[in-house]
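Engineer: This one is upload.csv, CSV, C-alpha atoms.
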```csv
chain,number,residue,atom,x,y,z
A,16,MET,CA,9.8,-22.0,-26.3
A,17,LYS,CA,7.9,-21.0,-23.2
A,18,MET,CA,4.5,-21.2,-25.0
A,19,VAL,CA,5.4,-24.6,-26.5
A,20,VAL,CA,6.1,-25.9,-23.0
A,21,ILE,CA,2.9,-24.4,-21.6
A,22,SER,CA,0.8,-25.8,-24.4
A,23,LEU,CA,2.5,-29.2,-24.1
A,24,ILE,CA,1.8,-29.2,-20.3
A,25,ILE,CA,-1.9,-28.4,-21.0
A,26,LEU,CA,-2.1,-31.2,-23.6
A,27,LEU,CA,-0.4,-33.7,-21.4
A,28,LEU,CA,-2.8,-32.8,-18.6
A,29,MET,CA,-5.8,-33.3,-20.8
A,30,ILE,CA,-4.4,-36.7,-22.1
A,31,GLY,CA,-3.7,-37.6,-18.4
A,32,ILE,CA,-7.3,-36.8,-17.5
A,33,TRP,CA,-8.5,-38.9,-20.4
A,34,ALA,CA,-6.2,-41.8,-19.5
A,35,TRP,CA,-7.3,-41.6,-15.8
A,36,PHE,CA,-10.9,-41.7,-17.0
A,37,TYR,CA,-10.6,-44.5,-19.5
A,38,TYR,CA,-8.3,-46.9,-17.7
A,39,GLY,CA,-9.6,-46.0,-14.2
A,40,SER,CA,-13.3,-45.9,-15.0
A,41,VAL,CA,-14.6,-46.8,-18.4
A,42,ASP,CA,-12.6,-50.0,-18.8
A,43,PRO,CA,-13.2,-51.5,-15.3
A,44,VAL,CA,-16.8,-50.3,-15.2
A,45,THR,CA,-17.8,-51.8,-18.5
A,46,THR,CA,-16.1,-55.1,-17.7
A,47,TYR,CA,-17.9,-55.1,-14.3
A,48,TYR,CA,-21.3,-54.5,-16.0
A,49,TRP,CA,-20.7,-57.1,-18.7
A,50,ASP,CA,-19.8,-59.8,-16.1
A,51,SER,CA,-22.6,-58.7,-13.8
A,52,LEU,CA,-25.3,-58.5,-16.5
A,53,ILE,CA,-24.4,-61.9,-17.9
A,54,LYS,CA,-24.7,-63.3,-14.3
A,55,LEU,CA,-28.0,-61.5,-13.9
A,56,SER,CA,-29.2,-62.9,-17.2
A,57,ASP,CA,-28.6,-66.4,-15.8
A,58,ILE,CA,-30.4,-65.5,-12.6
A,59,VAL,CA,-33.4,-64.2,-14.7
A,60,ARG,CA,-33.4,-67.4,-16.9
A,61,LYS,CA,-33.6,-69.5,-13.7
A,62,GLU,CA,-36.4,-67.1,-12.5
A,63,ASP,CA,-34.7,-66.4,-9.2
A,64,TRP,CA,-36.6,-63.1,-8.9
A,65,GLU,CA,-35.7,-62.2,-5.4
A,66,ARG,CA,-32.0,-62.3,-6.2
A,67,ALA,CA,-32.5,-60.6,-9.5
A,68,LYS,CA,-34.3,-57.7,-7.7
A,69,ARG,CA,-31.5,-57.4,-5.2
A,70,ASP,CA,-28.8,-57.4,-7.8
A,71,ILE,CA,-30.4,-55.0,-10.2
A,72,SER,CA,-30.9,-52.6,-7.3
A,73,ILE,CA,-27.2,-52.7,-6.5
A,74,TYR,CA,-26.3,-52.2,-10.2
A,75,THR,CA,-28.7,-49.3,-10.5
A,76,ASP,CA,-27.3,-47.5,-7.5
A,77,LYS,CA,-23.8,-48.1,-8.7
A,78,TRP,CA,-24.7,-46.8,-12.2
A,79,TYR,CA,-26.0,-43.5,-10.8
A,80,GLU,CA,-22.7,-43.0,-8.8
A,81,ILE,CA,-20.6,-43.8,-12.0
A,82,LYS,CA,-22.7,-41.4,-14.1
A,83,LYS,CA,-21.7,-38.5,-12.0
A,84,THR,CA,-18.1,-38.8,-13.4
A,85,TRP,CA,-19.0,-40.1,-16.9
A,86,VAL,CA,-21.2,-37.1,-17.6
A,87,PHE,CA,-18.0,-35.0,-18.0
A,88,PHE,CA,-16.5,-37.2,-20.7
A,89,ILE,CA,-19.3,-39.3,-22.4
A,90,ASN,CA,-21.9,-38.1,-24.9
A,91,GLN,CA,-25.1,-37.4,-23.0
A,92,GLU,CA,-27.2,-39.4,-25.4
A,93,ASP,CA,-25.2,-42.6,-24.6
A,94,LEU,CA,-25.8,-42.0,-20.9
A,95,ASP,CA,-29.5,-41.4,-21.4
A,96,ASN,CA,-29.8,-44.6,-23.3
A,97,ILE,CA,-28.2,-46.5,-20.4
A,98,ASP,CA,-30.5,-44.7,-17.9
A,99,SER,CA,-33.6,-45.6,-19.9
A,100,SER,CA,-32.5,-49.2,-20.4
A,101,ILE,CA,-31.8,-49.6,-16.6
A,102,ARG,CA,-35.2,-48.1,-15.7
A,103,GLN,CA,-36.9,-50.5,-18.1
A,104,LEU,CA,-34.9,-53.5,-16.8
A,105,ASN,CA,-35.9,-52.6,-13.2
A,106,ILE,CA,-39.6,-52.6,-14.2
A,107,TYR,CA,-39.4,-55.9,-16.1
A,108,ILE,CA,-37.6,-57.6,-13.1
A,109,GLU,CA,-40.0,-56.0,-10.7
A,110,ASN,CA,-42.9,-57.5,-12.7
A,111,GLU,CA,-41.1,-60.8,-13.2
A,112,GLU,CA,-41.2,-60.5,-17.0
A,113,LYS,CA,-38.6,-63.1,-18.0
A,114,ILE,CA,-38.4,-62.6,-21.8
A,115,LEU,CA,-38.6,-58.8,-21.7
A,116,ALA,CA,-36.0,-58.7,-18.9
A,117,GLN,CA,-33.6,-61.0,-20.8
A,118,ALA,CA,-34.0,-58.9,-24.0
A,119,GLU,CA,-33.4,-55.6,-22.0
A,120,LEU,CA,-30.3,-57.2,-20.4
A,121,GLU,CA,-28.8,-57.9,-23.8
A,122,HIS,CA,-29.6,-54.4,-24.9
A,123,LEU,CA,-27.9,-53.0,-21.8
A,124,ILE,CA,-24.8,-55.1,-22.4
A,125,VAL,CA,-24.6,-53.7,-25.9
A,126,LEU,CA,-24.9,-50.1,-24.6
A,127,PHE,CA,-22.0,-50.6,-22.3
A,128,TYR,CA,-20.0,-52.4,-25.1
A,129,VAL,CA,-20.7,-49.4,-27.4
A,130,ILE,CA,-19.3,-46.9,-24.8
A,131,ASP,CA,-16.2,-49.0,-24.3
A,132,GLU,CA,-15.8,-49.3,-28.1
A,133,ASN,CA,-16.2,-45.6,-28.6
A,134,GLU,CA,-13.8,-44.5,-26.0
A,135,CYS,CA,-11.1,-47.1,-26.7
A,136,LEU,CA,-8.0,-45.9,-28.6
A,137,THR,CA,-8.2,-47.9,-31.8
A,138,ILE,CA,-7.4,-47.4,-35.5
A,139,GLU,CA,-11.1,-47.9,-36.3
A,140,ASN,CA,-12.2,-45.1,-33.9
A,141,ILE,CA,-9.6,-42.7,-35.2
A,142,PHE,CA,-10.7,-43.2,-38.8
B,11,MET,CA,-28.9,-21.0,-19.5
B,12,ILE,CA,-26.8,-24.1,-20.0
B,13,VAL,CA,-25.8,-22.8,-23.4
B,14,ALA,CA,-24.8,-19.5,-22.0
B,15,ILE,CA,-22.6,-21.1,-19.3
B,16,ARG,CA,-21.0,-23.4,-21.9
B,17,ALA,CA,-20.4,-20.5,-24.2
B,18,LEU,CA,-18.8,-18.6,-21.4
B,19,ILE,CA,-16.4,-21.4,-20.6
B,20,LEU,CA,-15.5,-22.0,-24.2
B,21,TYR,CA,-15.0,-18.3,-24.8
B,22,ALA,CA,-12.6,-18.2,-21.9
B,23,VAL,CA,-10.7,-21.3,-23.2
B,24,LEU,CA,-10.5,-19.8,-26.7
B,25,LEU,CA,-9.2,-16.5,-25.3
B,26,ILE,CA,-6.5,-18.3,-23.4
B,27,ALA,CA,-5.7,-20.5,-26.4
B,28,MET,CA,-5.4,-17.5,-28.7
B,29,ARG,CA,-3.2,-15.7,-26.1
B,30,ILE,CA,-0.9,-18.7,-25.8
B,31,MET,CA,-0.7,-19.0,-29.6
B,32,GLY,CA,0.1,-15.3,-29.8
B,33,LYS,CA,-2.2,-14.4,-32.7
B,34,GLY,CA,-1.7,-11.2,-34.6
B,35,ASP,CA,-4.4,-9.3,-36.5
B,36,LEU,CA,-6.4,-11.4,-38.9
B,37,GLY,CA,-5.0,-9.5,-41.9
B,38,GLU,CA,-1.5,-10.4,-40.9
B,39,LEU,CA,-2.1,-14.1,-40.6
B,40,GLN,CA,-0.3,-16.6,-42.7
B,41,PRO,CA,-2.7,-19.0,-44.6
B,42,PHE,CA,-1.8,-21.7,-42.1
B,43,ASP,CA,-2.7,-19.5,-39.1
B,44,LEU,CA,-6.0,-18.6,-40.7
B,45,VAL,CA,-6.8,-22.3,-41.1
B,46,VAL,CA,-5.9,-22.8,-37.4
B,47,SER,CA,-8.2,-19.9,-36.4
B,48,LEU,CA,-11.1,-21.4,-38.4
B,49,VAL,CA,-10.5,-24.9,-36.9
B,50,LEU,CA,-10.5,-23.4,-33.4
B,51,ALA,CA,-13.7,-21.5,-34.0
B,52,GLU,CA,-15.4,-24.7,-35.3
B,53,LEU,CA,-14.1,-26.7,-32.3
B,54,ALA,CA,-15.6,-24.1,-30.0
B,55,VAL,CA,-19.0,-23.9,-31.7
B,56,MET,CA,-19.6,-27.7,-31.7
B,57,PRO,CA,-19.8,-28.2,-28.0
B,58,MET,CA,-21.5,-24.8,-27.6
B,59,GLU,CA,-24.4,-25.8,-29.8
B,60,ASP,CA,-24.6,-29.6,-29.1
B,61,LEU,CA,-25.6,-29.9,-25.4
B,62,ASP,CA,-25.2,-33.7,-25.7
B,63,ALA,CA,-21.5,-33.4,-26.4
B,64,PRO,CA,-19.3,-33.2,-23.3
B,65,LEU,CA,-17.2,-30.0,-23.0
B,66,PHE,CA,-14.1,-32.2,-22.6
B,67,HIS,CA,-14.2,-33.2,-26.3
B,68,GLY,CA,-13.9,-29.6,-27.3
B,69,LEU,CA,-11.3,-28.8,-24.7
B,70,MET,CA,-9.1,-31.8,-25.7
B,71,ALA,CA,-9.3,-30.8,-29.4
B,72,THR,CA,-8.5,-27.2,-28.6
B,73,ALA,CA,-5.5,-28.3,-26.5
B,74,VAL,CA,-4.1,-30.4,-29.4
B,75,VAL,CA,-4.6,-27.6,-32.0
B,76,MET,CA,-3.0,-25.1,-29.6
B,77,PHE,CA,0.0,-27.3,-29.0
B,78,LEU,CA,0.5,-28.0,-32.7
B,79,GLN,CA,0.3,-24.3,-33.5
B,80,CYS,CA,2.8,-23.4,-30.8
B,81,LEU,CA,5.1,-26.2,-32.0
B,82,ILE,CA,4.8,-25.2,-35.7
B,83,SER,CA,5.4,-21.5,-34.8
B,84,TYR,CA,8.5,-22.5,-32.8
B,85,ILE,CA,9.9,-24.7,-35.6
B,86,THR,CA,9.3,-22.0,-38.3
B,87,LEU,CA,11.0,-19.4,-36.0
B,88,LYS,CA,14.1,-21.6,-35.7
B,89,SER,CA,14.3,-23.2,-39.1
B,90,ASN,CA,14.5,-21.5,-42.4
B,91,SER,CA,13.7,-24.6,-44.4
B,92,ALA,CA,10.6,-25.4,-42.2
B,93,ARG,CA,9.5,-21.7,-42.7
B,94,LYS,CA,9.8,-22.1,-46.4
B,95,VAL,CA,7.7,-25.3,-46.4
B,96,ILE,CA,5.0,-24.1,-44.0
B,97,CYS,CA,4.7,-20.4,-44.8
B,98,GLY,CA,6.1,-20.3,-48.3
B,99,THR,CA,8.3,-17.5,-49.7
B,100,PRO,CA,7.4,-14.1,-51.1
B,101,SER,CA,7.3,-14.0,-54.9
B,102,VAL,CA,8.4,-11.1,-56.9
B,103,ILE,CA,5.7,-10.7,-59.5
B,104,TYR,CA,6.9,-7.6,-61.2
B,105,ASP,CA,10.5,-6.3,-61.3
B,106,HIS,CA,11.4,-3.2,-63.3
B,107,GLY,CA,9.2,-3.9,-66.3
B,108,LYS,CA,9.5,-7.7,-66.2
B,109,PHE,CA,6.6,-10.0,-65.1
B,110,ASN,CA,7.4,-13.2,-63.4
B,111,ILE,CA,4.9,-15.4,-65.3
B,112,LYS,CA,6.2,-18.6,-63.7
B,113,ASP,CA,5.4,-17.4,-60.2
B,114,MET,CA,2.1,-15.9,-61.3
B,115,ASN,CA,1.1,-19.3,-62.7
B,116,LYS,CA,2.3,-21.0,-59.5
B,117,LEU,CA,0.3,-18.6,-57.3
B,118,ARG,CA,-2.7,-18.9,-59.7
B,119,ILE,CA,-3.0,-15.1,-60.1
B,120,ASN,CA,-3.8,-13.4,-63.4
B,121,MET,CA,-3.2,-9.9,-64.7
B,122,ASN,CA,-6.6,-8.7,-63.5
B,123,ASP,CA,-5.7,-9.7,-59.9
B,124,VAL,CA,-2.4,-7.9,-60.2
B,125,LEU,CA,-4.0,-4.8,-61.6
B,126,GLY,CA,-6.7,-4.9,-58.9
B,127,GLN,CA,-4.1,-5.1,-56.2
B,128,MET,CA,-2.2,-2.2,-57.8
B,129,ARG,CA,-5.3,0.0,-57.9
B,130,LEU,CA,-6.1,-0.9,-54.2
B,131,LYS,CA,-2.6,0.4,-53.3
B,132,GLY,CA,-3.2,3.6,-55.3
B,133,TYR,CA,-1.1,2.8,-58.4
B,134,TYR,CA,-2.4,2.7,-61.9
B,135,ASP,CA,0.7,2.4,-64.1
B,136,PHE,CA,3.5,-0.1,-64.0
B,137,LYS,CA,5.9,2.7,-64.9
B,138,ASP,CA,5.3,4.2,-61.5
B,139,ILE,CA,6.4,1.1,-59.6
B,140,ASP,CA,9.7,-0.8,-59.2
B,141,TYR,CA,8.5,-4.0,-57.6
B,142,LEU,CA,5.3,-5.9,-56.9
B,143,ILE,CA,5.7,-8.6,-54.4
B,144,MET,CA,3.2,-11.2,-53.3
B,145,GLU,CA,3.9,-11.8,-49.6
B,146,THR,CA,3.5,-15.1,-47.8
B,147,ASN,CA,0.3,-13.9,-46.0
B,148,GLY,CA,-1.4,-13.2,-49.4
B,149,ASP,CA,-0.9,-9.5,-49.2
B,150,VAL,CA,0.7,-7.5,-52.0
B,151,SER,CA,3.6,-5.1,-51.4
B,152,ILE,CA,4.5,-2.4,-53.9
B,153,ILE,CA,7.9,-0.8,-53.9
B,154,ALA,CA,7.8,2.5,-55.7
B,155,PRO,CA,9.5,5.9,-55.5
B,156,GLU,CA,7.6,8.5,-53.5
B,157,SER,CA,7.3,10.8,-56.5
B,158,LYS,CA,8.0,10.7,-60.2
B,159,THR,CA,11.1,12.7,-59.7
B,160,ALA,CA,12.4,10.7,-56.7
B,161,LYS,CA,15.2,8.2,-57.1
B,162,ARG,CA,14.1,4.8,-58.4
B,163,ILE,CA,15.1,1.7,-56.4
B,164,LYS,CA,17.5,-0.3,-58.5
B,165,ARG,CA,17.0,-3.5,-56.6
B,166,ILE,CA,15.4,-4.7,-53.4
B,167,PRO,CA,17.8,-5.9,-50.7
B,168,ILE,CA,18.9,-9.5,-51.1
B,169,ALA,CA,18.9,-11.4,-47.8
B,170,VAL,CA,22.1,-13.3,-47.3
B,171,ILE,CA,21.8,-14.1,-43.5
B,172,LEU,CA,18.6,-14.7,-41.6
B,173,ASP,CA,18.6,-15.6,-37.9
B,174,GLY,CA,22.3,-16.4,-38.1
B,175,LYS,CA,21.9,-18.8,-41.1
B,176,ILE,CA,23.3,-18.2,-44.5
B,177,MET,CA,20.7,-18.1,-47.3
B,178,TYR,CA,22.6,-20.3,-49.7
B,179,ASN,CA,19.8,-20.3,-52.3
B,180,ASN,CA,20.0,-16.4,-52.5
B,181,LEU,CA,23.8,-16.6,-52.8
B,182,ASP,CA,23.4,-19.0,-55.8
B,183,LYS,CA,20.5,-17.1,-57.3
B,184,PHE,CA,22.4,-13.8,-57.4
B,185,ASP,CA,25.9,-15.1,-57.9
B,186,ILE,CA,27.2,-14.0,-54.5
B,187,THR,CA,30.2,-16.0,-53.4
B,188,LYS,CA,30.6,-17.3,-49.9
B,189,GLU,CA,34.1,-15.8,-49.8
B,190,ASP,CA,32.7,-12.3,-50.4
B,191,LEU,CA,30.3,-12.8,-47.5
B,192,ASP,CA,32.9,-14.2,-45.2
B,193,LYS,CA,35.2,-11.3,-46.0
B,194,SER,CA,32.5,-8.7,-45.2
B,195,LEU,CA,31.7,-10.5,-42.0
B,196,LYS,CA,35.4,-10.5,-41.0
B,197,LYS,CA,35.7,-6.8,-41.9
B,198,GLU,CA,32.8,-6.0,-39.5
B,199,ASN,CA,34.3,-8.4,-36.9
B,200,LEU,CA,31.2,-10.6,-36.9
B,201,ARG,CA,30.4,-14.2,-36.9
B,202,CYS,CA,27.5,-15.6,-39.0
B,203,LYS,CA,25.6,-16.6,-35.9
B,204,ASP,CA,25.8,-13.1,-34.4
B,205,VAL,CA,23.9,-11.7,-37.4
B,206,LEU,CA,20.1,-11.4,-37.1
B,207,TYR,CA,19.7,-10.0,-40.7
B,208,GLY,CA,22.3,-9.5,-43.3
B,209,TYR,CA,21.6,-8.3,-46.8
B,210,ILE,CA,23.2,-6.8,-49.9
B,211,ASP,CA,21.8,-3.3,-50.6
B,212,GLU,CA,21.1,-1.9,-54.0
B,213,ASN,CA,24.7,-0.6,-54.2
B,214,ASP,CA,26.0,-4.2,-53.7
B,215,LYS,CA,27.2,-3.4,-50.2
B,216,PHE,CA,26.8,-5.9,-47.4
B,217,VAL,CA,24.8,-4.6,-44.4
B,218,PHE,CA,24.5,-6.6,-41.2
B,219,TYR,CA,22.2,-6.2,-38.2
B,220,LYS,CA,23.4,-7.8,-35.0
B,221,ARG,CA,21.2,-9.9,-32.7
```
So that I can check it, write out the structure of this file as structure tokens.

Structural biologist:
Amino acid sequence: MKMVVISLIILLLMIGIWAWFYYGSVDPVTTYYWDSLIKLSDIVRKEDWERAKRDISIYTDKWYEIKKTWVFFINQEDLDNIDSSIRQLNIYIENEEKILAQAELEHLIVLFYVIDENECLTIENIF
Amino acid sequence: MIVAIRALILYAVLLIAMRIMGKGDLGELQPFDLVVSLVLAELAVMPMEDLDAPLFHGLMATAVVMFLQCLISYITLKSNSARKVICGTPSVIYDHGKFNIKDMNKLRINMNDVLGQMRLKGYYDFKDIDYLIMETNGDVSIIAPESKTAKRIKRIPIAVILDGKIMYNNLDKFDITKEDLDKSLKKENLRCKDVLYGYIDENDKFVFYKR
């Protein structure tokens, strides 16, 4: 019985860590990025480049902070894809490339969506 | 270097998991335990090799398997019927000149397998053995007299009480009445739940071992 209790405690601890990570980080962060990137897309469409440069700089800094925790739970390939997409977006906005920036923004939204979809507890993910 | 550190961490986790699950020797494992060991090994190898996969995935899966294994072990320890379903029951394949074809078919073993197992145990003739039993861990037990002149075993003990629970299927199978069992328990001043193992020996006498 003692071992059942010990293994149950370990399992509950792991589930607790996952729940803390998903509900405390993945869910709010992906929602934040969806909203922010949609807003940024509007700013890019209006070609307000000064504001776009300021905003992307904030989102980039925030992403590198978030990545420090996500690296323990999310597949490295997914994180690398976001890294690469953010770097490209920075360059497009810096060079005021409207169409390329808009396309990369859509790509980045999809990458965050994929992470949320993959981590979410759904029947589709289980099977 | 990263692989080495990840391997070290996973090795430590596996070691703890195996200790918590209380593994015996590989040869003594039930088929179910063997499957769990293989699953654990696979779970450890995946994050060890794939540097893109976070360690957490491997640790979570190990924790789930470890908990289920501990739970199943506890249930099989406490419940005879669960033990029967999960571990199965030993099958008497050969009993004093008679083969149990029904169980042999059920276990999908043929005469060549039986003869091979006999040779491995150092027996070459069925006349030399009394019983050949296929255990739940896949091993074969042979009950035989120590020498040709030694006394032959008439019958293996029939378990009537295991872990304080009456084995009603054995009572029915061997025509043992509950009244006879109760009488013997009363004579020994025992209650059923006090008995760890009770059986009828080859001389039809009840023998009880207390907890």

Engineer: Write out, as CSV, each residue of chain B that has an atom at most 7 Å from chain A, together with the closest pair of atoms and their distance in Å to one decimal, counting only C-alpha atoms, rows going by chain and rising number.

Structural biologist:
```
residue,atom,partner,partner_atom,distance
B:Ile30,CA,A:Met18,CA,6.0
B:Asp62,CA,A:Gln91,CA,4.6
B:Ala63,CA,A:Asn90,CA,4.9
B:Pro64,CA,A:Phe88,CA,5.5
B:Phe66,CA,A:Phe88,CA,5.9
B:Met70,CA,A:Met29,CA,6.1
B:Ala73,CA,A:Leu26,CA,5.3
B:Val74,CA,A:Leu26,CA,6.2
B:Met76,CA,A:Ser22,CA,6.5
B:Phe77,CA,A:Ser22,CA,4.9
B:Cys80,CA,A:Val19,CA,5.2
B:Leu81,CA,A:Val19,CA,5.7
B:Tyr84,CA,A:Met16,CA,6.6
```

Engineer: Within 12 Å of region 115-121 of chain B, counting all atoms listed in the file, which residues show up once you throw out same-chain ones fewer than 3 positions away? Write them as a VMD selection string, please.

Structural biologist: chain B and resid 98 to 104 109 to 112 124 to 128 136 143 to 146 148 150

Engineer: Could you please take those selected residues and save C-alpha atoms as an mmCIF file, in the frame of the given file?

Structural biologist:
```cif
data_model
loop_
_atom_site.group_PDB
_atom_site.id
_atom_site.type_symbol
_atom_site.label_atom_id
_atom_site.label_comp_id
_atom_site.auth_asym_id
_atom_site.auth_seq_id
_atom_site.Cartn_x
_atom_site.Cartn_y
_atom_site.Cartn_z
ATOM 1 C CA GLY B 98 6.100 -20.300 -48.300
ATOM 2 C CA THR B 99 8.300 -17.500 -49.700
ATOM 3 C CA PRO B 100 7.400 -14.100 -51.100
ATOM 4 C CA SER B 101 7.300 -14.000 -54.900
ATOM 5 C CA VAL B 102 8.400 -11.100 -56.900
ATOM 6 C CA ILE B 103 5.700 -10.700 -59.500
ATOM 7 C CA TYR B 104 6.900 -7.600 -61.200
ATOM 8 C CA PHE B 109 6.600 -10.000 -65.100
ATOM 9 C CA ASN B 110 7.400 -13.200 -63.400
ATOM 10 C CA ILE B 111 4.900 -15.400 -65.300
ATOM 11 C CA LYS B 112 6.200 -18.600 -63.700
ATOM 12 C CA VAL B 124 -2.400 -7.900 -60.200
ATOM 13 C CA LEU B 125 -4.000 -4.800 -61.600
ATOM 14 C CA GLY B 126 -6.700 -4.900 -58.900
ATOM 15 C CA GLN B 127 -4.100 -5.100 -56.200
ATOM 16 C CA MET B 128 -2.200 -2.200 -57.800
ATOM 17 C CA PHE B 136 3.500 -0.100 -64.000
ATOM 18 C CA ILE B 143 5.700 -8.600 -54.400
ATOM 19 C CA MET B 144 3.200 -11.200 -53.300
ATOM 20 C CA GLU B 145 3.900 -11.800 -49.600
ATOM 21 C CA THR B 146 3.500 -15.100 -47.800
ATOM 22 C CA GLY B 148 -1.400 -13.200 -49.400
ATOM 23 C CA VAL B 150 0.700 -7.500 -52.000
#
```

Engineer: Residues at most 8 Å from region 50-54 of chain A, counting all atoms listed in the file, excluding those fewer than 3 positions away in the same chain, as JSON, numbers by chain?

Structural biologist: {"A": [46, 47, 57, 58, 120, 124]}

Engineer: Rank B:Val170, B:Ile176, B:Val55, B:Leu50 by their smallest atom-to-atom distance to Leu25 (chain B), using only C-alpha atoms, and report the top residue only.

Structural biologist: B:Leu50

Engineer: Could you check which residues have any atom within 6 Å of (-24.7, -46.6, -22.4), counting only C-alpha atoms with coordinates taken straight from the file, and then list them as a ChimeraX atom specification?

Structural biologist: /A:93-94,96-97,126-127,130

Engineer: Just to confirm, what's the straight-line distance from CA of Tyr48 (chain A) to CA of Glu112 (chain A) in Å (one decimal)?

Structural biologist: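 That distance, rounded to one decimal, is 20.8 Å.
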
Engineer: Just give me the gap between CA of Leu206 (chain B) and CA of Ala92 (chain B) in Å, one decimal is fine.

Structural biologist: 17.7 Å

Engineer: Out of A:Arg60, A:Tyr79, A:Glu65, A:Asp131, which residue has the shortest atom-to-atom distance to Leu115 (chain A) when counting only C-alpha atoms?

Structural biologist: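 Using only C-alpha atoms, Leu115 (chain A) sits closest to A:Arg60.
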
Engineer: Counting all atoms listed in the file, figure out which residue out of A:Ser99, A:Cys135, A:Arg66, A:Ile106 gets nearest to Trp78 (chain A).

Structural biologist: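 When distances to Trp78 (chain A) are compared using all atoms listed in the file, the smallest one comes from A:Ser99.
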
Engineer: Could you state the separation of CA of Asp214 (chain B) and CA of Asp185 (chain B) in Å, given to one decimal place?

Structural biologist: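 Interatomic distance, CA of Asp214 (chain B) to CA of Asp185 (chain B): 11.7 Å.
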
Engineer: Restricting the calculation to all atoms listed in the file, which member of B:Met28, B:Ile85, B:Ile153, B:Leu18 is positioned closest to Leu48 (chain B)?

Structural biologist: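 Using all atoms listed in the file, the shortest distance to Leu48 (chain B) belongs to B:Met28.
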
Engineer: Please list as a ChimeraX atom specification every residue within 8 Å of Ser100 (chain A), counting all atoms listed in the file and excluding residues in the same chain fewer than 2 positions away.

Structural biologist: /A:96-98,102-104,119,122-123

Engineer: Neighbours of Ala51 (chain B) within 12 Å (only C-alpha atoms; same-chain residues fewer than 5 positions away dropped), as a ChimeraX atom specification?

Structural biologist: /B:17,20-21,23-25,27-28,44-46,56-58,68,71-72,75

Engineer: From the list B:Arg93, B:Met114, B:Ile12, B:Lys108, which residue is nearest Leu65 (chain B) when using all atoms listed in the file?

Structural biologist: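 The answer is B:Ile12, which sits nearest to Leu65 (chain B).
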
Engineer: Excluding same-chain residues fewer than 5 positions from Trp64 (chain A), what lies within 12 Å of it counting only C-alpha atoms, as a list of chain:residue names?

Structural biologist: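 Returned residues: A:Leu55, A:Ser56, A:Asp57, A:Ile58, A:Val59, A:Arg69, A:Asp70, A:Ile71, A:Asn105, A:Tyr107, A:Ile108, A:Glu109, A:Asn110, A:Glu111, A:Glu112, A:Lys113, A:Ala116.
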